[in-house]
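For reference, the structure is listed below as structure tokens.
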Number of protein chains: 2
Amino acid sequence: MKKIRVGIYGYGNIAKGVERTIAKNDDISLEAIFTRRDPSKIKTISGVKATSVDKVLDYVNKIDVMLLCGGSATDLPVQGPELAKHFNIVDTFDNHLRISEYLDAVDRQAKAHKKAAIISAGWDPGLFSMMKALFSFLLPEGKSQSFWGPGVSQGHSEAIRRIDGVTGAIQYTVPYEDVMDEVSNGSKKEYTARQKHKRVCYVAVKEGADKEKIAKTIREMPNYFADYDVEINFVSSEVLERDHGKMPHGGHVFRNGETAGGEGYAMSYSMRFGSNPEFTASIMTAFARAAFRLSGENEFGAKTALDIPLSYLSPKGRNEQIKEFL
Amino acid sequence: MKKIRVGIYGYGNIAKGVERTIAKNDDISLEAIFTRRDPSKIKTISGVKATSVDKVLDYVNKIDVMLLCGGSATDLPVQGPELAKHFNIVDTFDNHLRISEYLDAVDRQAKAHKKAAIISAGWDPGLFSMMKALFSFLLPEGKSQSFWGPGVSQGHSEAIRRIDGVTGAIQYTVPYEDVMDEVSNGSKKEYTARQKHKRVCYVAVKEGADKEKIAKTIREMPNYFADYDVEINFVSSEVLERDHGKMPHGGHVFRNGETAGGEGYAMSYSMRFGSNPEFTASIMTAFARAAFRLSGENEFGAKTALDIPLSYLSPKGRNEQIKEFL
């Protein structure tokens with residue numbers, strides 16, 4: 001069987017997870033890793049040489065699917081539509097409010113250039129989207145609730161790091177177990193943001209920094225912290241690195257309701273994982289198979305996780321899948 | 001919007017659930033209910049008149065999707081391939097060992113007659129298959145475990161009812177909570193059938209029947225009970241009817257393992273519901289939308305839940321889905 005030739009665009013944590021995942025999957029080979037940094041200074045995990053992004057077009061016929069591992073704030077809005085002119089792509093665009101817009105932008109280029117693109121294929125959006133959608137489609141009468149964590153939020157950690165006097169920070173999003181138990185037991189109550197999650201921060205600061213002022217700045221930060229109960233722990237840079245260097249995460253999707261005949265039901269999906277970027281990488285890699293297959297079927301344009309049959313995520317043939325899963 | 005015109009073939013518990021579900025879904029209308037019994041003696045829930053199965057071909061142009069609500073032992077193996085000559089169909093064929101064979105038989109007719117068929121679209125196989133497949137595709141390194149119940153197993157109840165001297169029986173399949181907790185906490189141990197579930201039976205017998213002999217027959221019944229710890233409670237017919245007339249069920253799919261980088265993960269899907277047939281009916285109804293859409297796209301032949309994009313299960317448009325779920 002011919003392997004699916006994959007490229008990685010942007011070499012950060014998720015990219016490294018993709019590298020490791022591909023090494024464990026026989027049906028996929030890693031052809032190239034593209035970086036904006038000086039490639040000669042990058043030592044990759046797999047040994048595949050890093051290449052400058054300036055040379056990406058040299059690889060048009062050597063790569064079946066490009067996995068975009070950049071960020072959603074500034075990287076992907078540019079890279080997604082641009083790379084979809086030349087490659088089938090998969091990304092994890094996660095700015096929920098701008099997904100429609102981004103989907104359209106990628107779709108236009110992918111259709112015009114006969115490429116298959118799958119966007120927002122991480123765990124949220126992505127896997128969580130699939131669960132929320134499936135639960136709601138099968139049982140329209142009901143209420144869905146999601147919880148995130150316990151886990152590190154990169155966005156919230158970064159927001160703290162930008163505060164004057166802060167040298168490092170990690171923010172854990174922690175769901176309240178008792179509220180989750182209520183929901184797990186069938187509650188259809190509406191909870192506020194503050195009732196569902198607390199935010200626990202570990203912050204390292206410059207010598208002599210005004211901790212009280214920094215704590216106040218964190219607590220009052222709109223969107224990020226103001227609507228939550230916030231626990232702030234000042235620690236040394238050493239403790240931050242030693243005790244908070246991992247990136248565990250997790251989450252839960254619940255749906256509670258009634259069937260059309262009035263009988264109650266409760267469904268839930270739960271997960272926890274030791275490394276957020278590695279889990280995300282696993283998902284992206286599975287969707288790389290789908291992008292490759294869609295392209296082979298001349299199904300061009302941009303799709304999301306909701307648009308793709310589950311079987312497309314697997315290297316296994318149909319008979320094997322039926323035997324194993326049905 | 002033109003409604004999807006649905007027919008029900010076989011009027012039992014699941015059919016009644018479908019009837020109730022359709023009444024709550026604006027995009028679907030119930031056109032006909034077909035029965036092998038005397039239609040004049042059947043009072044339907046919806047008021048849609050029951051019609052003899054002999055007249056089903058009169059409805060070829062009046063029904064977009066036929067929902068087959070018969071049993072997997074003898075009904076569906078005949079009805080599925082036969083009705084797929086004339087209608088798009090959805091069924092819940094659940095004889096796991098014969099799904100490939102059944103899929104082929106339906107596929108041949110559906111393709112030859114340009115119909116779309118979705119088979120085994122209940123909760124197991126069906127929804128459980130989707131979870132098991134998705135978990136395994138996203139995270140190939142790991143171990144999956146499924147638990148069923150607590151809930152009534154129709155097959156096991158029926159097996160007891162066939163024993164000489166028994167007038168009625170209900171069998172609950174009950175998973176061991178402590179074993180589920182172990183798995184939920186990450187165990188990848190292999191458990192035997194006996195370790196995972198117990199079987200709790202409520203049995204009504206004829207006056208003077210030999211209870212000890214009946215109990216022995218149950219406990220020693222191969223495939224059904226011999227491999228399990230079995231609890232047998234002899235009760236009166238009145239108690240059986242009063243306390244055990246509901247059909248609750250539930251189940252769990254777990255997957256525990258490691259990402260390619262060696263970080264642990266645990267994922268699970270859980271559900272419980274008050275009425276097994278109503279929950280099954282909800283699933284079938286969602287898949288009726290998918291069958292209709294596939295047919296409109298000239299995607300003929302037999303498919304399973306693994307072959308269909310999730311978005312096909314919903315009446316909602318794409319933009320609405322993206323806004324709500326991504």
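Ordered as shown in the structure tokens, chains take letters A, B, and onward, while each chain numbers its residues from 1 and ligands are numbered from 1 in the order shown.
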Extract, using only C-alpha atoms, all DNA, RNA and protein residues at most 8 Å from Arg20 of chain A, discarding same-chain residues fewer than 4 positions from it, and format them as a PyMOL selection string. (chain A and resi 16+24+45-46) or (chain B and resi 260-261)
Go ahead and dump the residues you just picked, all heavy atoms, as an mmCIF file, in the first residue's frame.
```cif
data_model
loop_
_atom_site.group_PDB
_atom_site.id
_atom_site.type_symbol
_atom_site.label_atom_id
_atom_site.label_comp_id
_atom_site.auth_asym_id
_atom_site.auth_seq_id
_atom_site.Cartn_x
_atom_site.Cartn_y
_atom_site.Cartn_z
ATOM 1 N N LYS A 16 5.236 18.425 17.048
ATOM 2 C CA LYS A 16 6.052 17.328 17.605
ATOM 3 C C LYS A 16 5.180 16.112 17.934
ATOM 4 O O LYS A 16 5.601 14.970 17.768
ATOM 5 C CB LYS A 16 6.820 17.810 18.839
ATOM 6 C CG LYS A 16 7.969 18.727 18.441
ATOM 7 C CD LYS A 16 8.604 19.445 19.616
ATOM 8 C CE LYS A 16 9.557 20.524 19.079
ATOM 9 N NZ LYS A 16 9.971 21.483 20.105
ATOM 10 N N LYS A 24 4.233 6.068 14.534
ATOM 11 C CA LYS A 24 3.540 4.867 15.011
ATOM 12 C C LYS A 24 2.466 4.379 14.042
ATOM 13 O O LYS A 24 1.733 3.449 14.340
ATOM 14 C CB LYS A 24 2.873 5.181 16.363
ATOM 15 C CG LYS A 24 3.882 5.447 17.475
ATOM 16 C CD LYS A 24 3.839 4.326 18.492
ATOM 17 C CE LYS A 24 4.713 4.649 19.672
ATOM 18 N NZ LYS A 24 4.588 3.632 20.709
ATOM 19 N N ILE A 45 12.462 15.617 16.085
ATOM 20 C CA ILE A 45 12.373 14.334 16.789
ATOM 21 C C ILE A 45 12.599 13.169 15.841
ATOM 22 O O ILE A 45 13.297 12.205 16.140
ATOM 23 C CB ILE A 45 10.972 14.197 17.438
ATOM 24 C CG1 ILE A 45 10.805 15.256 18.526
ATOM 25 C CG2 ILE A 45 10.768 12.794 18.000
ATOM 26 C CD1 ILE A 45 9.399 15.311 19.083
ATOM 27 N N SER A 46 12.000 13.282 14.668
ATOM 28 C CA SER A 46 12.002 12.163 13.721
ATOM 29 C C SER A 46 13.295 12.085 12.922
ATOM 30 O O SER A 46 13.569 11.076 12.283
ATOM 31 C CB SER A 46 10.844 12.331 12.744
ATOM 32 O OG SER A 46 10.939 13.597 12.103
ATOM 33 N N ALA B 260 1.014 8.515 21.059
ATOM 34 C CA ALA B 260 2.271 8.032 20.471
ATOM 35 C C ALA B 260 3.476 8.483 21.290
ATOM 36 O O ALA B 260 4.501 7.811 21.321
ATOM 37 C CB ALA B 260 2.391 8.523 19.032
ATOM 38 N N GLY B 261 3.342 9.616 21.986
ATOM 39 C CA GLY B 261 4.447 10.114 22.799
ATOM 40 C C GLY B 261 4.504 9.499 24.188
ATOM 41 O O GLY B 261 5.341 9.878 24.994
#
```
May I ask you to extract the residues of chain B within 7 Å of chain A, using only C-alpha atoms, and to give them as a PyMOL selection string? chain B and resi 17+20-21+24+96+100+125-126+129+132-134+137-139+259-261+263-275+278-279+282-283+286+306-311+313-314+322+325-326
Running DSSP on the backbone, which parts of segment 52-118 of chain A land in helix (DSSP H, G or I), as a PyMOL selection string? chain A and resi 53-59+75-83+96-112
Same residues, N, CA, C and O atoms, saved as a compact mmCIF listing (two decimals), in the first residue's frame:
```
# COMPACT_ATOMS: atom_id res chain seq x y z
N VAL A 53 9.99 27.64 5.28
CA VAL A 53 8.67 27.79 4.67
C VAL A 53 8.78 28.39 3.26
O VAL A 53 7.90 28.20 2.43
N ASP A 54 9.88 29.09 2.99
CA ASP A 54 10.06 29.68 1.66
C ASP A 54 10.14 28.63 0.56
O ASP A 54 9.95 28.93 -0.61
N LYS A 55 10.45 27.41 0.96
CA LYS A 55 10.63 26.36 -0.06
C LYS A 55 9.41 25.44 -0.20
O LYS A 55 9.47 24.41 -0.85
N VAL A 56 8.31 25.84 0.46
CA VAL A 56 7.17 24.91 0.53
C VAL A 56 6.65 24.53 -0.86
O VAL A 56 6.22 23.40 -1.07
N LEU A 57 6.72 25.45 -1.82
CA LEU A 57 6.16 25.13 -3.14
C LEU A 57 6.99 24.10 -3.91
O LEU A 57 6.49 23.50 -4.86
N ASP A 58 8.21 23.89 -3.46
CA ASP A 58 9.01 22.82 -4.07
C ASP A 58 8.43 21.44 -3.75
O ASP A 58 8.82 20.44 -4.35
N TYR A 59 7.51 21.42 -2.78
CA TYR A 59 7.01 20.13 -2.29
C TYR A 59 5.59 19.79 -2.77
O TYR A 59 4.98 18.84 -2.32
N ASP A 75 -1.54 32.99 12.62
CA ASP A 75 -0.96 32.08 11.61
C ASP A 75 -2.00 31.54 10.63
O ASP A 75 -1.90 31.75 9.42
N LEU A 76 -2.97 30.82 11.17
CA LEU A 76 -3.88 30.08 10.29
C LEU A 76 -4.72 30.97 9.37
O LEU A 76 -4.93 30.59 8.21
N PRO A 77 -5.22 32.11 9.85
CA PRO A 77 -6.03 32.92 8.94
C PRO A 77 -5.30 33.27 7.64
O PRO A 77 -5.92 33.44 6.60
N VAL A 78 -3.98 33.34 7.70
CA VAL A 78 -3.19 33.59 6.49
C VAL A 78 -2.80 32.27 5.82
O VAL A 78 -3.00 32.07 4.63
N GLN A 79 -2.27 31.34 6.63
CA GLN A 79 -1.69 30.11 6.08
C GLN A 79 -2.75 29.17 5.48
O GLN A 79 -2.52 28.54 4.45
N GLY A 80 -3.91 29.07 6.14
CA GLY A 80 -4.95 28.14 5.69
C GLY A 80 -5.34 28.39 4.25
O GLY A 80 -5.15 27.53 3.37
N PRO A 81 -5.89 29.59 3.95
CA PRO A 81 -6.31 29.86 2.57
C PRO A 81 -5.13 29.81 1.59
O PRO A 81 -5.29 29.35 0.45
N GLU A 82 -3.95 30.23 2.00
CA GLU A 82 -2.80 30.26 1.10
C GLU A 82 -2.34 28.82 0.76
O GLU A 82 -2.16 28.48 -0.41
N LEU A 83 -2.19 28.00 1.79
CA LEU A 83 -1.70 26.64 1.55
C LEU A 83 -2.74 25.76 0.86
O LEU A 83 -2.39 24.80 0.16
N HIS A 96 -13.63 29.90 17.89
CA HIS A 96 -15.02 29.46 17.63
C HIS A 96 -15.85 30.50 16.89
O HIS A 96 -16.65 30.17 16.02
N LEU A 97 -15.66 31.77 17.24
CA LEU A 97 -16.51 32.81 16.66
C LEU A 97 -16.20 33.09 15.19
O LEU A 97 -17.00 33.68 14.49
N ARG A 98 -15.03 32.67 14.74
CA ARG A 98 -14.64 33.00 13.37
C ARG A 98 -14.53 31.78 12.47
O ARG A 98 -13.96 31.84 11.37
N ILE A 99 -15.07 30.67 12.92
CA ILE A 99 -14.94 29.43 12.13
C ILE A 99 -15.64 29.52 10.78
O ILE A 99 -15.10 29.13 9.75
N SER A 100 -16.86 30.08 10.77
CA SER A 100 -17.59 30.19 9.50
C SER A 100 -16.80 30.98 8.48
O SER A 100 -16.66 30.58 7.31
N GLU A 101 -16.30 32.10 8.94
CA GLU A 101 -15.52 32.99 8.08
C GLU A 101 -14.26 32.28 7.55
O GLU A 101 -13.95 32.33 6.35
N TYR A 102 -13.58 31.62 8.46
CA TYR A 102 -12.35 30.90 8.08
C TYR A 102 -12.67 29.75 7.12
O TYR A 102 -11.98 29.54 6.12
N LEU A 103 -13.74 29.03 7.43
CA LEU A 103 -14.17 27.92 6.56
C LEU A 103 -14.40 28.43 5.14
O LEU A 103 -13.95 27.81 4.16
N ASP A 104 -15.09 29.55 5.03
CA ASP A 104 -15.36 30.13 3.70
C ASP A 104 -14.08 30.50 2.97
O ASP A 104 -13.93 30.24 1.78
N ALA A 105 -13.16 31.12 3.72
CA ALA A 105 -11.91 31.57 3.10
C ALA A 105 -11.10 30.38 2.57
O ALA A 105 -10.57 30.41 1.46
N VAL A 106 -11.03 29.32 3.38
CA VAL A 106 -10.29 28.12 2.95
C VAL A 106 -11.04 27.42 1.82
O VAL A 106 -10.46 26.97 0.83
N ASP A 107 -12.36 27.37 1.97
CA ASP A 107 -13.18 26.67 0.97
C ASP A 107 -13.01 27.26 -0.42
O ASP A 107 -12.90 26.52 -1.40
N ARG A 108 -13.01 28.58 -0.49
CA ARG A 108 -12.87 29.25 -1.80
C ARG A 108 -11.59 28.80 -2.50
O ARG A 108 -11.61 28.43 -3.67
N GLN A 109 -10.48 28.83 -1.76
CA GLN A 109 -9.20 28.46 -2.38
C GLN A 109 -9.14 26.96 -2.68
O GLN A 109 -8.66 26.56 -3.74
N ALA A 110 -9.62 26.17 -1.73
CA ALA A 110 -9.55 24.71 -1.92
C ALA A 110 -10.38 24.29 -3.13
O ALA A 110 -9.94 23.47 -3.94
N LYS A 111 -11.56 24.86 -3.28
CA LYS A 111 -12.40 24.51 -4.44
C LYS A 111 -11.75 24.98 -5.74
O LYS A 111 -11.71 24.25 -6.72
N ALA A 112 -11.26 26.22 -5.70
CA ALA A 112 -10.66 26.78 -6.92
C ALA A 112 -9.45 25.97 -7.37
O ALA A 112 -9.18 25.86 -8.57
```
List the spatial neighbours of Ile218 of chain A as a VMD selection string - criterion: any atom at most 10 Å away, only C-alpha atoms, same-chain residues fewer than 2 positions off excluded. chain A and resid 156 159 to 160 163 201 212 to 216 220 to 222 224 to 226 230 to 232
Could you pull out the strand (DSSP E) residues of segment 27-92 of chain B from DSSP and send them as a list in words?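 Answer for segment 27-92 of chain B restricted to strand (DSSP E) is Ile28, Ser29, Leu30, Glu31, Ala32, Ile33, Phe34, Thr35, Ala50, Thr51, Ser52, Val65, Met66, Leu67, Leu68, Asn88, Ile89 and Val90 of chain B.
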Atom pair atom CA of Val200 of chain A / atom CA of Gln145 of chain A: separation (Å): 21.4 Å
Go through A:Ile14, A:Leu294, A:Ile33, A:Cys69 and flag the residue nearest Ala117 of chain A, using only C-alpha atoms for the distances. A:Leu294
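Here atom CA of Ile28 of chain A stands at a distance of 17.2 Å from atom CA of Ala116 of chain A.
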Between atom CA of Thr217 of chain B and atom CA of Ser153 of chain B, what is the spacing in Å? 17.9 Å
Can you pull out the residues contacting segment 167-173 of chain A? Cut-off 7 Å, using only C-alpha atoms, and skip same-chain residues under 3 positions away; I want them as a PDB file with N, CA and C atoms, in the first residue's frame.
```pdb
ATOM      1  N   TRP A 148     -14.669  21.743  30.712  1.00  0.00           N
ATOM      2  CA  TRP A 148     -13.307  21.578  30.243  1.00  0.00           C
ATOM      3  C   TRP A 148     -12.375  21.392  31.435  1.00  0.00           C
ATOM      4  N   GLY A 149     -11.361  20.565  31.225  1.00  0.00           N
ATOM      5  CA  GLY A 149     -10.339  20.390  32.241  1.00  0.00           C
ATOM      6  C   GLY A 149     -10.633  19.217  33.163  1.00  0.00           C
ATOM      7  N   PRO A 150      -9.861  19.043  34.236  1.00  0.00           N
ATOM      8  CA  PRO A 150      -8.776  19.940  34.614  1.00  0.00           C
ATOM      9  C   PRO A 150      -7.653  19.924  33.590  1.00  0.00           C
ATOM     10  N   GLY A 151      -7.202  21.139  33.238  1.00  0.00           N
ATOM     11  CA  GLY A 151      -6.131  21.202  32.264  1.00  0.00           C
ATOM     12  C   GLY A 151      -5.622  22.604  32.044  1.00  0.00           C
ATOM     13  N   VAL A 152      -4.480  22.669  31.391  1.00  0.00           N
ATOM     14  CA  VAL A 152      -3.832  23.956  31.140  1.00  0.00           C
ATOM     15  C   VAL A 152      -4.497  24.663  29.964  1.00  0.00           C
ATOM     16  N   SER A 153      -4.908  25.911  30.186  1.00  0.00           N
ATOM     17  CA  SER A 153      -5.373  26.737  29.079  1.00  0.00           C
ATOM     18  C   SER A 153      -4.213  27.614  28.624  1.00  0.00           C
ATOM     19  N   HIS A 156      -5.198  31.415  28.555  1.00  0.00           N
ATOM     20  CA  HIS A 156      -5.239  32.091  29.850  1.00  0.00           C
ATOM     21  C   HIS A 156      -3.851  32.226  30.456  1.00  0.00           C
ATOM     22  N   SER A 157      -3.019  31.222  30.248  1.00  0.00           N
ATOM     23  CA  SER A 157      -1.642  31.304  30.750  1.00  0.00           C
ATOM     24  C   SER A 157      -0.934  32.476  30.077  1.00  0.00           C
ATOM     25  N   ILE A 160      -1.854  35.930  31.354  1.00  0.00           N
ATOM     26  CA  ILE A 160      -1.173  36.314  32.600  1.00  0.00           C
ATOM     27  C   ILE A 160       0.269  36.738  32.308  1.00  0.00           C
ATOM     28  N   ARG A 161       0.910  36.000  31.401  1.00  0.00           N
ATOM     29  CA  ARG A 161       2.320  36.299  31.091  1.00  0.00           C
ATOM     30  C   ARG A 161       2.510  37.700  30.525  1.00  0.00           C
ATOM     31  N   HIS A 197     -16.717  26.285  36.332  1.00  0.00           N
ATOM     32  CA  HIS A 197     -15.254  26.139  36.348  1.00  0.00           C
ATOM     33  C   HIS A 197     -14.599  27.160  37.265  1.00  0.00           C
ATOM     34  N   LYS A 198     -13.513  26.753  37.904  1.00  0.00           N
ATOM     35  CA  LYS A 198     -12.666  27.757  38.542  1.00  0.00           C
ATOM     36  C   LYS A 198     -11.333  27.812  37.800  1.00  0.00           C
ATOM     37  N   ARG A 199     -10.612  28.907  38.025  1.00  0.00           N
ATOM     38  CA  ARG A 199      -9.336  29.110  37.325  1.00  0.00           C
ATOM     39  C   ARG A 199      -8.221  29.188  38.355  1.00  0.00           C
ATOM     40  N   VAL A 200      -7.279  28.268  38.246  1.00  0.00           N
ATOM     41  CA  VAL A 200      -6.198  28.165  39.217  1.00  0.00           C
ATOM     42  C   VAL A 200      -4.886  28.550  38.523  1.00  0.00           C
ATOM     43  N   CYS A 201      -4.236  29.598  39.078  1.00  0.00           N
ATOM     44  CA  CYS A 201      -3.062  30.158  38.402  1.00  0.00           C
ATOM     45  C   CYS A 201      -1.799  29.964  39.228  1.00  0.00           C
ATOM     46  N   TYR A 202      -0.724  29.602  38.560  1.00  0.00           N
ATOM     47  CA  TYR A 202       0.606  29.569  39.168  1.00  0.00           C
ATOM     48  C   TYR A 202       1.437  30.613  38.443  1.00  0.00           C
ATOM     49  N   VAL A 203       1.922  31.613  39.227  1.00  0.00           N
ATOM     50  CA  VAL A 203       2.527  32.783  38.607  1.00  0.00           C
ATOM     51  C   VAL A 203       3.915  33.038  39.200  1.00  0.00           C
ATOM     52  N   ALA A 204       4.900  33.225  38.343  1.00  0.00           N
ATOM     53  CA  ALA A 204       6.246  33.629  38.783  1.00  0.00           C
ATOM     54  C   ALA A 204       6.445  35.093  38.401  1.00  0.00           C
ATOM     55  N   VAL A 205       7.040  35.883  39.327  1.00  0.00           N
ATOM     56  CA  VAL A 205       7.163  37.328  39.059  1.00  0.00           C
ATOM     57  C   VAL A 205       8.612  37.794  39.270  1.00  0.00           C
ATOM     58  N   LYS A 206       8.874  38.957  38.735  1.00  0.00           N
ATOM     59  CA  LYS A 206      10.191  39.595  38.941  1.00  0.00           C
ATOM     60  C   LYS A 206      10.375  39.921  40.410  1.00  0.00           C
ATOM     61  N   SER A 237      10.159  30.573  39.602  1.00  0.00           N
ATOM     62  CA  SER A 237      10.288  30.067  38.229  1.00  0.00           C
ATOM     63  C   SER A 237      10.659  28.589  38.244  1.00  0.00           C
ATOM     64  N   HIS A 244       4.843  22.326  36.844  1.00  0.00           N
ATOM     65  CA  HIS A 244       3.754  22.703  35.943  1.00  0.00           C
ATOM     66  C   HIS A 244       4.192  22.708  34.476  1.00  0.00           C
TER      67      HIS A 244
END
```
